[in-house]
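This is run_4.cif. It holds mmCIF, C-alpha atoms.
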data_data
#
loop_
_atom_site.label_atom_id
_atom_site.label_comp_id
_atom_site.auth_asym_id
_atom_site.auth_seq_id
_atom_site.Cartn_x
_atom_site.Cartn_y
_atom_site.Cartn_z
CA MET A 1 -12.86 -6.99 5.73
CA THR A 2 -14.56 -7.23 2.33
CA THR A 3 -14.10 -5.10 -0.75
CA GLU A 4 -17.78 -4.11 -0.83
CA PRO A 5 -17.29 -0.67 0.84
CA TYR A 6 -14.58 0.18 -1.69
CA ARG A 7 -16.69 -1.11 -4.58
CA SER A 8 -19.75 0.92 -3.60
CA CYS A 9 -17.62 4.05 -3.09
CA LEU A 10 -16.00 3.63 -6.51
CA VAL A 11 -19.35 3.12 -8.19
CA LYS A 12 -20.79 6.21 -6.53
CA TYR A 13 -17.94 8.68 -6.84
CA VAL A 14 -15.63 7.44 -9.61
CA PHE A 15 -17.37 5.04 -11.97
CA GLY A 16 -20.64 6.92 -12.42
CA LYS A 17 -22.07 8.42 -15.59
CA CYS A 18 -18.84 10.31 -16.22
CA SER A 19 -16.31 7.57 -15.56
CA VAL A 20 -12.73 8.67 -14.86
CA VAL A 21 -11.42 5.46 -16.39
CA ALA A 22 -13.55 5.93 -19.49
CA LYS A 23 -12.26 9.50 -19.86
CA LEU A 24 -8.64 8.46 -19.43
CA SER A 25 -8.90 5.62 -21.90
CA THR A 26 -11.26 6.92 -24.58
CA SER A 27 -9.58 10.32 -24.75
CA LYS A 28 -6.83 8.63 -26.74
CA THR A 29 -8.98 6.98 -29.38
CA HIS A 30 -8.32 9.90 -31.71
CA LEU A 31 -4.62 8.97 -31.95
CA LYS A 32 -3.45 7.64 -35.27
CA VAL A 33 -2.53 3.99 -35.41
CA ASN A 34 1.14 4.73 -36.04
CA GLU A 35 1.42 7.04 -33.01
CA LEU A 36 2.65 5.88 -29.62
CA GLN A 37 0.24 4.14 -27.30
CA ARG A 38 -0.10 5.69 -23.86
CA GLU A 39 -0.12 3.31 -20.94
CA VAL A 40 -0.72 3.66 -17.21
CA ILE A 41 0.52 1.21 -14.57
CA SER A 42 -1.51 0.73 -11.37
CA LEU A 43 0.25 -0.11 -8.10
CA HIS A 44 -1.93 -1.45 -5.27
CA VAL A 45 -0.06 -1.39 -1.95
CA GLY A 46 -1.10 -2.78 1.43
CA GLN A 47 -4.46 -4.15 2.54
CA ALA A 48 -6.44 -1.07 1.53
CA GLY A 49 -4.66 -0.72 -1.81
CA VAL A 50 -5.13 -4.39 -2.70
CA GLN A 51 -8.80 -4.41 -1.75
CA ILE A 52 -9.43 -1.22 -3.70
CA GLY A 53 -7.58 -2.77 -6.63
CA ASN A 54 -9.71 -5.89 -6.46
CA ALA A 55 -12.83 -3.74 -6.79
CA CYS A 56 -11.26 -1.45 -9.40
CA TRP A 57 -10.25 -4.17 -11.82
CA GLU A 58 -13.62 -5.84 -11.56
CA LEU A 59 -15.18 -2.55 -12.67
CA TYR A 60 -12.53 -1.96 -15.35
CA CYS A 61 -13.39 -5.35 -16.84
CA LEU A 62 -17.10 -4.59 -16.74
CA GLU A 63 -16.49 -1.24 -18.45
CA HIS A 64 -14.38 -2.74 -21.21
CA GLY A 65 -16.32 -5.96 -21.63
CA VAL A 66 -13.40 -8.13 -20.51
CA LEU A 67 -14.30 -11.51 -18.99
CA PRO A 68 -12.80 -12.68 -15.64
CA ASP A 69 -10.28 -14.81 -17.54
CA GLY A 70 -9.04 -11.80 -19.53
CA MET A 71 -10.71 -12.78 -22.78
CA LEU A 72 -13.34 -10.89 -24.74
CA PRO A 73 -16.74 -12.41 -25.53
CA SER A 74 -16.62 -14.40 -28.76
CA ASP A 75 -18.93 -11.95 -30.51
CA GLU A 76 -16.81 -8.91 -29.65
CA SER A 77 -13.59 -7.69 -31.24
CA ILE A 78 -11.32 -4.69 -30.82
CA GLY A 79 -10.93 -2.24 -33.65
CA ILE A 80 -7.39 -1.40 -34.69
CA GLU A 81 -7.89 2.23 -33.65
CA ASP A 82 -9.36 1.40 -30.24
CA CYS A 83 -6.61 2.39 -27.80
CA SER A 84 -8.77 2.26 -24.68
CA TYR A 85 -7.80 -1.33 -23.86
CA ASN A 86 -4.09 -0.63 -24.22
CA THR A 87 -4.13 2.06 -21.55
CA PHE A 88 -4.84 -0.37 -18.73
CA PHE A 89 -4.41 -3.80 -20.34
CA SER A 90 -1.69 -5.52 -22.32
CA GLU A 91 -2.76 -8.16 -24.83
CA THR A 92 -1.03 -11.52 -25.20
CA MET A 93 -0.59 -13.45 -28.44
CA ALA A 94 -3.56 -15.61 -27.40
CA GLY A 95 -5.79 -12.55 -27.14
CA LYS A 96 -5.88 -12.43 -23.35
CA HIS A 97 -5.97 -9.00 -21.72
CA VAL A 98 -3.66 -8.73 -18.72
CA PRO A 99 -3.93 -5.73 -16.37
CA ARG A 100 -0.98 -3.36 -16.21
CA ALA A 101 -1.07 -3.62 -12.43
CA ILE A 102 0.90 -4.93 -9.47
CA PHE A 103 -0.55 -5.92 -6.10
CA ILE A 104 1.86 -5.65 -3.17
CA ASP A 105 1.50 -6.51 0.51
CA LEU A 106 4.05 -7.49 3.13
CA GLU A 107 1.85 -10.37 4.32
CA PRO A 108 -0.04 -12.81 2.08
CA THR A 109 -3.61 -12.86 3.43
CA VAL A 110 -5.17 -10.09 1.33
CA VAL A 111 -3.19 -10.85 -1.83
CA ASP A 112 -4.28 -14.48 -1.49
CA GLU A 113 -7.87 -13.27 -1.79
CA VAL A 114 -6.97 -12.02 -5.26
CA ARG A 115 -5.10 -15.23 -6.07
CA THR A 116 -8.17 -17.32 -5.23
CA GLY A 117 -10.93 -14.88 -6.22
CA THR A 118 -13.18 -14.66 -9.25
CA TYR A 119 -10.55 -12.75 -11.25
CA ARG A 120 -7.62 -14.97 -10.25
CA THR A 121 -6.83 -15.90 -13.88
CA LEU A 122 -6.94 -12.27 -15.00
CA PHE A 123 -3.61 -11.38 -13.37
CA HIS A 124 -0.17 -12.74 -14.12
CA PRO A 125 1.16 -14.55 -11.01
CA GLU A 126 4.30 -12.39 -11.00
CA GLN A 127 2.11 -9.30 -10.55
CA LEU A 128 0.81 -10.54 -7.18
CA ILE A 129 3.60 -9.93 -4.68
CA SER A 130 3.41 -10.76 -0.98
CA GLY A 131 5.87 -11.24 1.84
CA LYS A 132 5.68 -13.46 4.90
CA GLU A 133 5.49 -10.90 7.69
CA ASP A 134 3.39 -7.74 7.92
CA ALA A 135 4.54 -4.34 9.12
CA ALA A 136 2.27 -4.44 12.21
CA ASN A 137 0.94 -0.89 11.66
CA ASN A 138 4.50 0.36 12.01
CA TYR A 139 5.85 2.88 9.47
CA ALA A 140 9.48 2.05 10.29
CA ARG A 141 8.97 -1.67 9.64
CA GLY A 142 7.34 -0.95 6.29
CA HIS A 143 10.01 1.52 5.22
CA TYR A 144 13.27 0.41 6.81
CA THR A 145 13.15 -3.30 7.73
CA ILE A 146 10.50 -5.64 6.30
CA GLY A 147 9.87 -3.40 3.31
CA LYS A 148 13.57 -3.28 2.39
CA GLU A 149 13.49 -7.04 1.82
CA LEU A 150 10.72 -6.80 -0.79
CA ILE A 151 11.40 -3.51 -2.57
CA ASP A 152 13.90 -4.89 -5.10
CA VAL A 153 11.46 -7.61 -6.19
CA CYS A 154 8.72 -5.00 -6.63
CA MET A 155 10.93 -2.65 -8.63
CA ASP A 156 11.98 -5.53 -10.88
CA ARG A 157 8.31 -6.37 -11.57
CA ILE A 158 7.60 -2.70 -12.29
CA ARG A 159 10.56 -2.58 -14.66
CA LYS A 160 9.21 -5.57 -16.59
CA LEU A 161 5.82 -3.89 -16.95
CA THR A 162 7.36 -0.62 -18.13
CA GLU A 163 9.44 -2.45 -20.74
CA ARG A 164 6.21 -3.70 -22.30
CA CYS A 165 4.89 -0.14 -22.65
CA ASP A 166 5.42 1.95 -25.79
CA GLY A 167 4.53 5.30 -24.20
CA LEU A 168 4.29 5.03 -20.42
CA GLN A 169 2.49 8.06 -19.02
CA GLY A 170 2.87 7.30 -15.33
CA PHE A 171 1.64 5.39 -12.31
CA LEU A 172 -1.56 5.21 -10.28
CA ILE A 173 -0.75 4.34 -6.66
CA PHE A 174 -3.52 3.04 -4.39
CA HIS A 175 -2.73 2.84 -0.67
CA SER A 176 -3.65 4.02 2.80
CA PHE A 177 -1.79 6.29 5.19
CA GLY A 178 -2.63 3.95 8.06
CA GLY A 179 -0.83 0.69 8.66
CA GLY A 180 2.82 -0.02 8.05
CA THR A 181 2.72 -1.21 4.45
CA GLY A 182 0.44 1.48 3.07
CA SER A 183 2.46 4.24 4.71
CA GLY A 184 6.03 3.03 5.15
CA PHE A 185 6.46 0.76 2.16
CA THR A 186 4.63 3.14 -0.17
CA SER A 187 6.96 6.00 0.74
CA LEU A 188 9.96 3.74 0.11
CA MET A 189 8.54 2.72 -3.26
CA MET A 190 7.80 6.34 -4.18
CA GLU A 191 11.43 7.23 -3.47
CA ARG A 192 12.60 4.51 -5.85
CA LEU A 193 10.04 5.46 -8.50
CA SER A 194 11.23 9.08 -8.34
CA VAL A 195 14.78 7.92 -9.02
CA ASP A 196 13.99 5.42 -11.79
CA TYR A 197 11.00 7.18 -13.38
CA GLY A 198 11.45 10.79 -12.36
CA LYS A 199 9.74 12.26 -15.43
CA ARG A 200 6.65 10.04 -15.23
CA ALA A 201 3.46 11.21 -13.55
CA LYS A 202 2.58 9.65 -10.20
CA LEU A 203 -1.01 9.97 -9.03
CA GLU A 204 -1.92 8.69 -5.57
CA PHE A 205 -5.33 7.51 -4.39
CA SER A 206 -4.91 7.52 -0.62
CA ILE A 207 -7.12 6.40 2.25
CA TYR A 208 -6.68 8.56 5.34
CA PRO A 209 -7.45 6.90 8.71
CA ALA A 210 -10.25 8.22 10.89
CA PRO A 211 -9.20 8.46 14.56
CA GLN A 212 -12.65 7.31 15.70
CA ILE A 213 -12.49 3.93 13.95
CA SER A 214 -8.81 3.28 13.21
CA THR A 215 -7.21 0.29 14.94
CA GLY A 216 -3.75 1.84 14.78
CA VAL A 217 -2.19 4.50 17.00
CA PHE A 218 -1.28 7.77 15.27
#
Can the structure from this file be put into structure tokens for me?
Amino acid sequence: MTTEPYRSCLVKYVFGKCSVVAKLSTSKTHLKVNELQREVISLHVGQAGVQIGNACWELYCLEHGVLPDGMLPSDESIGIEDCSYNTFFSETMAGKHVPRAIFIDLEPTVVDEVRTGTYRTLFHPEQLISGKEDAANNYARGHYTIGKELIDVCMDRIRKLTERCDGLQGFLIFHSFGGGTGSGFTSLMMERLSVDYGKRAKLEFSIYPAPQISTGVF
């Protein structure tokens, strides 16, 4: 399954003339330089979440003029008062822009597409997390068994991202309600996020399965 359906949907309904990302990021450009930055961390869970994330970050980079390797074109520079990059990207000492995002799946196939794709050098390797065995469209496996083995690693990666934020506003969670990872593991992760980051906003972008075309049994 390719990311093209997600990409076309995002272009049509989210990244049109009145881009949600542009609104979220540019709404903070009025902040004074000495005020706190406001960051958002994106969590892409399961096959649907990872494929949506792949399309999302391609569009984020196009919106912000970031190249696939995380660098800006040589003729472009960021003004000191431009906070739009800092909302979704962290900047390294070398000037590379790294997404504030984590990709998570219990099996490696879909995450490997990100690891080997056009934007493979955009993401830090630690932000691409995959297990060895999928949840087989089973909520219980994603929440209670296979997911339990990976949740601590994921929370540790999230903690590292939050420590690099000056004013974390919350999390954007991309997942599906179908499948075992998108449903079971996401609910487990949301429980942990509520405990560790109870006062932070959590906004979900969820894909709901259609009974006519879904391969799972609900």
Item to check | Spatial sel., origin (-0.6, 5.1, -7.7), limit 7 Å, only C-alpha atoms, listed as a ChimeraX atom specification | outcome: /A:42-43,171-174,202-205
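Computed from the coordinates, the atom CA of A:Glu107 to atom CA of A:Gly49 distance equals 13.2 Å.
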Which residues of stretch 94-114 of chain A come within 6 Å of stretch 125-134 of chain A, and what is each one's closest atom pair and distance in Å (one decimal), counting all atoms listed in the file, sorted by chain and residue number, as a Markdown table?
| residue | atom | partner | partner_atom | distance |
| --- | --- | --- | --- | --- |
| A:Ile102 | CA | A:Gln127 | CA | 4.7 |
| A:Phe103 | CA | A:Leu128 | CA | 4.9 |
| A:Ile104 | CA | A:Ile129 | CA | 4.9 |
| A:Asp105 | CA | A:Ser130 | CA | 4.9 |
| A:Leu106 | CA | A:Gly131 | CA | 4.4 |
| A:Glu107 | CA | A:Asp134 | CA | 4.7 |
| A:Pro108 | CA | A:Ser130 | CA | 5.0 |
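Taking atom CA of A:His97 and atom CA of A:Gly198 as endpoints, the distance between them is 28.0 Å.
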Checklist outcome for this item: note - atom CA of A:Thr145 and atom CA of A:Thr181 are separated by 11.1 Å
As AutoDock Vina command-line options, what would the box around stretch 141-151 of chain A look like: edges along x, y and z, 6 Å added on every side, centre and edge lengths in Å to one decimal?
--center_x 10.5 --center_y -2.8 --center_z 3.5 --size_x 18.2 --size_y 20.6 --size_z 24.2
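Using only C-alpha atoms for every distance, the candidate list A:His44, A:Arg157, A:His64, A:His124 yields A:His44 as the residue closest to A:Gly182.
When only C-alpha atoms are used to compute distances to A:Ile207, the closest of the residues A:Phe88, A:His175, A:Glu113, A:Phe185 turns out to be A:His175.
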Need the shell around A:Asp196: protein/DNA/RNA residues with any atom at most 12 Å away, counting all atoms listed in the file. Skip same-chain ones fewer than 2 positions apart. Format as a short mmCIF file (atom, residue, chain, number, x, y, z; two decimals) with C-alpha atoms, keeping the file's coordinate frame?
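result.cif written:
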data_model
loop_
_atom_site.label_atom_id
_atom_site.label_comp_id
_atom_site.auth_asym_id
_atom_site.auth_seq_id
_atom_site.Cartn_x
_atom_site.Cartn_y
_atom_site.Cartn_z
CA MET A 155 10.93 -2.65 -8.63
CA ASP A 156 11.98 -5.53 -10.88
CA ILE A 158 7.60 -2.70 -12.29
CA ARG A 159 10.56 -2.58 -14.66
CA THR A 162 7.36 -0.62 -18.13
CA GLY A 170 2.87 7.30 -15.33
CA MET A 189 8.54 2.72 -3.26
CA MET A 190 7.80 6.34 -4.18
CA GLU A 191 11.43 7.23 -3.47
CA ARG A 192 12.60 4.51 -5.85
CA LEU A 193 10.04 5.46 -8.50
CA SER A 194 11.23 9.08 -8.34
CA GLY A 198 11.45 10.79 -12.36
CA LYS A 199 9.74 12.26 -15.43
CA ARG A 200 6.65 10.04 -15.23
#
Next on the checklist: Quick check on the file I pasted: which residues fall under the PyMOL selection byres ((chain A and resi 95) around 12)? Write them as number ranges by chain.
Outcome noted: A: 66-67, 69-74, 76-78, 85, 89-94, 96-98
Checklist entry - Which residues come within 7 Å of A:Tyr139, counting only C-alpha atoms, excluding same-chain residues fewer than 3 positions away, as a PyMOL selection string? => result chain A and resi 142-143+180+183-184
For the residues in the current selection, export C-alpha atoms as a tab-separated table (two decimals), keeping the file's coordinate frame.
chain	number	residue	atom	x	y	z
A	142	GLY	CA	7.34	-0.95	6.29
A	143	HIS	CA	10.01	1.52	5.22
A	180	GLY	CA	2.82	-0.02	8.05
A	183	SER	CA	2.46	4.24	4.71
A	184	GLY	CA	6.03	3.03	5.15
Next on the checklist: Evaluated on this file, the PyMOL selection byres ((chain A and resi 122) around 6) picks out some residues - which ones are they, written as a list in words?
Outcome noted: Pro68, Asp69, Gly70, Tyr119, Arg120, Thr121 and Phe123 of chain A
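Proximity ranking of A:Leu188, A:Ala135, A:Ala101, A:Ala140 relative to A:Trp57 places A:Ala101 first, based on all atoms listed in the file.
Among the candidates A:Pro99, A:Gly65, A:Arg38, A:Thr87, the residue lying nearest to A:Gly53 is A:Pro99 (atoms considered: all atoms listed in the file).
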Given the block above, output stretch 93-134 of chain A with N, CA and C atoms as a PDB file, in the first residue's frame.
ATOM      1  N   MET A  93      23.389  21.921  15.492  1.00  0.00           N
ATOM      2  CA  MET A  93      24.470  22.900  15.389  1.00  0.00           C
ATOM      3  C   MET A  93      24.925  23.074  13.946  1.00  0.00           C
ATOM      4  N   ALA A  94      24.742  22.028  13.136  1.00  0.00           N
ATOM      5  CA  ALA A  94      25.159  22.086  11.732  1.00  0.00           C
ATOM      6  C   ALA A  94      24.108  22.738  10.841  1.00  0.00           C
ATOM      7  N   GLY A  95      22.986  23.146  11.440  1.00  0.00           N
ATOM      8  CA  GLY A  95      21.939  23.798  10.664  1.00  0.00           C
ATOM      9  C   GLY A  95      20.932  22.851  10.051  1.00  0.00           C
ATOM     10  N   LYS A  96      20.976  21.584  10.446  1.00  0.00           N
ATOM     11  CA  LYS A  96      20.014  20.613   9.923  1.00  0.00           C
ATOM     12  C   LYS A  96      18.732  20.674  10.736  1.00  0.00           C
ATOM     13  N   HIS A  97      17.599  20.577  10.047  1.00  0.00           N
ATOM     14  CA  HIS A  97      16.298  20.609  10.709  1.00  0.00           C
ATOM     15  C   HIS A  97      15.763  19.182  10.846  1.00  0.00           C
ATOM     16  N   VAL A  98      15.588  18.759  12.086  1.00  0.00           N
ATOM     17  CA  VAL A  98      15.149  17.394  12.381  1.00  0.00           C
ATOM     18  C   VAL A  98      13.713  17.435  12.886  1.00  0.00           C
ATOM     19  N   PRO A  99      12.817  16.645  12.297  1.00  0.00           N
ATOM     20  CA  PRO A  99      11.412  16.656  12.726  1.00  0.00           C
ATOM     21  C   PRO A  99      11.252  16.260  14.189  1.00  0.00           C
ATOM     22  N   ARG A 100      10.349  16.930  14.858  1.00  0.00           N
ATOM     23  CA  ARG A 100       9.970  16.529  16.218  1.00  0.00           C
ATOM     24  C   ARG A 100       8.896  15.455  16.064  1.00  0.00           C
ATOM     25  N   ALA A 101       9.313  14.269  15.674  1.00  0.00           N
ATOM     26  CA  ALA A 101       8.364  13.199  15.355  1.00  0.00           C
ATOM     27  C   ALA A 101       8.973  11.847  15.667  1.00  0.00           C
ATOM     28  N   ILE A 102       8.089  10.890  15.970  1.00  0.00           N
ATOM     29  CA  ILE A 102       8.506   9.510  16.186  1.00  0.00           C
ATOM     30  C   ILE A 102       7.583   8.600  15.384  1.00  0.00           C
ATOM     31  N   PHE A 103       8.177   7.659  14.664  1.00  0.00           N
ATOM     32  CA  PHE A 103       7.430   6.673  13.891  1.00  0.00           C
ATOM     33  C   PHE A 103       7.520   5.336  14.619  1.00  0.00           C
ATOM     34  N   ILE A 104       6.369   4.715  14.861  1.00  0.00           N
ATOM     35  CA  ILE A 104       6.328   3.491  15.665  1.00  0.00           C
ATOM     36  C   ILE A 104       5.476   2.435  14.974  1.00  0.00           C
ATOM     37  N   ASP A 105       6.014   1.234  14.842  1.00  0.00           N
ATOM     38  CA  ASP A 105       5.226   0.101  14.364  1.00  0.00           C
ATOM     39  C   ASP A 105       5.800  -1.159  14.988  1.00  0.00           C
ATOM     40  N   LEU A 106       4.938  -2.124  15.246  1.00  0.00           N
ATOM     41  CA  LEU A 106       5.381  -3.354  15.901  1.00  0.00           C
ATOM     42  C   LEU A 106       6.091  -4.296  14.946  1.00  0.00           C
ATOM     43  N   GLU A 107       5.999  -4.052  13.640  1.00  0.00           N
ATOM     44  CA  GLU A 107       6.776  -4.824  12.673  1.00  0.00           C
ATOM     45  C   GLU A 107       7.484  -3.848  11.733  1.00  0.00           C
ATOM     46  N   PRO A 108       8.615  -4.251  11.146  1.00  0.00           N
ATOM     47  CA  PRO A 108       9.511  -3.276  10.516  1.00  0.00           C
ATOM     48  C   PRO A 108       9.193  -2.854   9.090  1.00  0.00           C
ATOM     49  N   THR A 109       8.288  -3.529   8.394  1.00  0.00           N
ATOM     50  CA  THR A 109       8.126  -3.313   6.956  1.00  0.00           C
ATOM     51  C   THR A 109       7.850  -1.862   6.590  1.00  0.00           C
ATOM     52  N   VAL A 110       6.842  -1.260   7.225  1.00  0.00           N
ATOM     53  CA  VAL A 110       6.426   0.094   6.847  1.00  0.00           C
ATOM     54  C   VAL A 110       7.443   1.133   7.318  1.00  0.00           C
ATOM     55  N   VAL A 111       7.995   0.947   8.508  1.00  0.00           N
ATOM     56  CA  VAL A 111       9.011   1.881   8.998  1.00  0.00           C
ATOM     57  C   VAL A 111      10.265   1.808   8.124  1.00  0.00           C
ATOM     58  N   ASP A 112      10.555   0.618   7.590  1.00  0.00           N
ATOM     59  CA  ASP A 112      11.703   0.480   6.692  1.00  0.00           C
ATOM     60  C   ASP A 112      11.519   1.300   5.423  1.00  0.00           C
ATOM     61  N   GLU A 113      10.269   1.516   5.009  1.00  0.00           N
ATOM     62  CA  GLU A 113      10.021   2.366   3.844  1.00  0.00           C
ATOM     63  C   GLU A 113      10.479   3.800   4.118  1.00  0.00           C
ATOM     64  N   VAL A 114      10.324   4.233   5.362  1.00  0.00           N
ATOM     65  CA  VAL A 114      10.811   5.563   5.742  1.00  0.00           C
ATOM     66  C   VAL A 114      12.333   5.556   5.813  1.00  0.00           C
ATOM     67  N   ARG A 115      12.889   4.478   6.372  1.00  0.00           N
ATOM     68  CA  ARG A 115      14.345   4.381   6.521  1.00  0.00           C
ATOM     69  C   ARG A 115      15.070   4.384   5.176  1.00  0.00           C
ATOM     70  N   THR A 116      14.402   3.901   4.131  1.00  0.00           N
ATOM     71  CA  THR A 116      15.047   3.803   2.821  1.00  0.00           C
ATOM     72  C   THR A 116      14.464   4.776   1.801  1.00  0.00           C
ATOM     73  N   GLY A 117      13.520   5.606   2.211  1.00  0.00           N
ATOM     74  CA  GLY A 117      12.835   6.506   1.291  1.00  0.00           C
ATOM     75  C   GLY A 117      13.617   7.774   0.992  1.00  0.00           C
ATOM     76  N   THR A 118      12.970   8.664   0.261  1.00  0.00           N
ATOM     77  CA  THR A 118      13.599   9.923  -0.153  1.00  0.00           C
ATOM     78  C   THR A 118      14.022  10.763   1.043  1.00  0.00           C
ATOM     79  N   TYR A 119      13.235  10.713   2.115  1.00  0.00           N
ATOM     80  CA  TYR A 119      13.498  11.558   3.290  1.00  0.00           C
ATOM     81  C   TYR A 119      14.182  10.773   4.411  1.00  0.00           C
ATOM     82  N   ARG A 120      14.933   9.745   4.039  1.00  0.00           N
ATOM     83  CA  ARG A 120      15.560   8.884   5.050  1.00  0.00           C
ATOM     84  C   ARG A 120      16.579   9.631   5.914  1.00  0.00           C
ATOM     85  N   THR A 121      17.255  10.643   5.344  1.00  0.00           N
ATOM     86  CA  THR A 121      18.252  11.382   6.134  1.00  0.00           C
ATOM     87  C   THR A 121      17.634  12.531   6.922  1.00  0.00           C
ATOM     88  N   LEU A 122      16.339  12.753   6.739  1.00  0.00           N
ATOM     89  CA  LEU A 122      15.668  13.830   7.473  1.00  0.00           C
ATOM     90  C   LEU A 122      15.481  13.466   8.937  1.00  0.00           C
ATOM     91  N   PHE A 123      15.209  12.182   9.201  1.00  0.00           N
ATOM     92  CA  PHE A 123      14.866  11.727  10.550  1.00  0.00           C
ATOM     93  C   PHE A 123      16.087  11.160  11.270  1.00  0.00           C
ATOM     94  N   HIS A 124      16.110  11.372  12.575  1.00  0.00           N
ATOM     95  CA  HIS A 124      17.137  10.733  13.398  1.00  0.00           C
ATOM     96  C   HIS A 124      16.791   9.249  13.513  1.00  0.00           C
ATOM     97  N   PRO A 125      17.776   8.353  13.370  1.00  0.00           N
ATOM     98  CA  PRO A 125      17.489   6.904  13.429  1.00  0.00           C
ATOM     99  C   PRO A 125      16.745   6.472  14.685  1.00  0.00           C
ATOM    100  N   GLU A 126      16.999   7.140  15.813  1.00  0.00           N
ATOM    101  CA  GLU A 126      16.330   6.760  17.057  1.00  0.00           C
ATOM    102  C   GLU A 126      14.840   7.083  17.035  1.00  0.00           C
ATOM    103  N   GLN A 127      14.416   7.933  16.095  1.00  0.00           N
ATOM    104  CA  GLN A 127      13.008   8.307  16.014  1.00  0.00           C
ATOM    105  C   GLN A 127      12.199   7.337  15.165  1.00  0.00           C
ATOM    106  N   LEU A 128      12.849   6.351  14.576  1.00  0.00           N
ATOM    107  CA  LEU A 128      12.172   5.332  13.768  1.00  0.00           C
ATOM    108  C   LEU A 128      12.222   4.023  14.541  1.00  0.00           C
ATOM    109  N   ILE A 129      11.119   3.677  15.179  1.00  0.00           N
ATOM    110  CA  ILE A 129      11.074   2.534  16.092  1.00  0.00           C
ATOM    111  C   ILE A 129      10.212   1.424  15.501  1.00  0.00           C
ATOM    112  N   SER A 130      10.755   0.221  15.450  1.00  0.00           N
ATOM    113  CA  SER A 130       9.979  -0.921  14.954  1.00  0.00           C
ATOM    114  C   SER A 130      10.346  -2.170  15.734  1.00  0.00           C
ATOM    115  N   GLY A 131       9.356  -3.044  15.898  1.00  0.00           N
ATOM    116  CA  GLY A 131       9.587  -4.318  16.545  1.00  0.00           C
ATOM    117  C   GLY A 131       9.848  -5.404  15.518  1.00  0.00           C
ATOM    118  N   LYS A 132       9.716  -6.646  15.942  1.00  0.00           N
ATOM    119  CA  LYS A 132       9.983  -7.776  15.049  1.00  0.00           C
ATOM    120  C   LYS A 132       8.725  -8.565  14.707  1.00  0.00           C
ATOM    121  N   GLU A 133       7.644  -8.305  15.419  1.00  0.00           N
ATOM    122  CA  GLU A 133       6.423  -9.094  15.229  1.00  0.00           C
ATOM    123  C   GLU A 133       5.216  -8.178  15.318  1.00  0.00           C
ATOM    124  N   ASP A 134       4.324  -8.271  14.326  1.00  0.00           N
ATOM    125  CA  ASP A 134       3.170  -7.366  14.333  1.00  0.00           C
ATOM    126  C   ASP A 134       2.068  -7.882  15.253  1.00  0.00           C
TER     127      ASP A 134
END
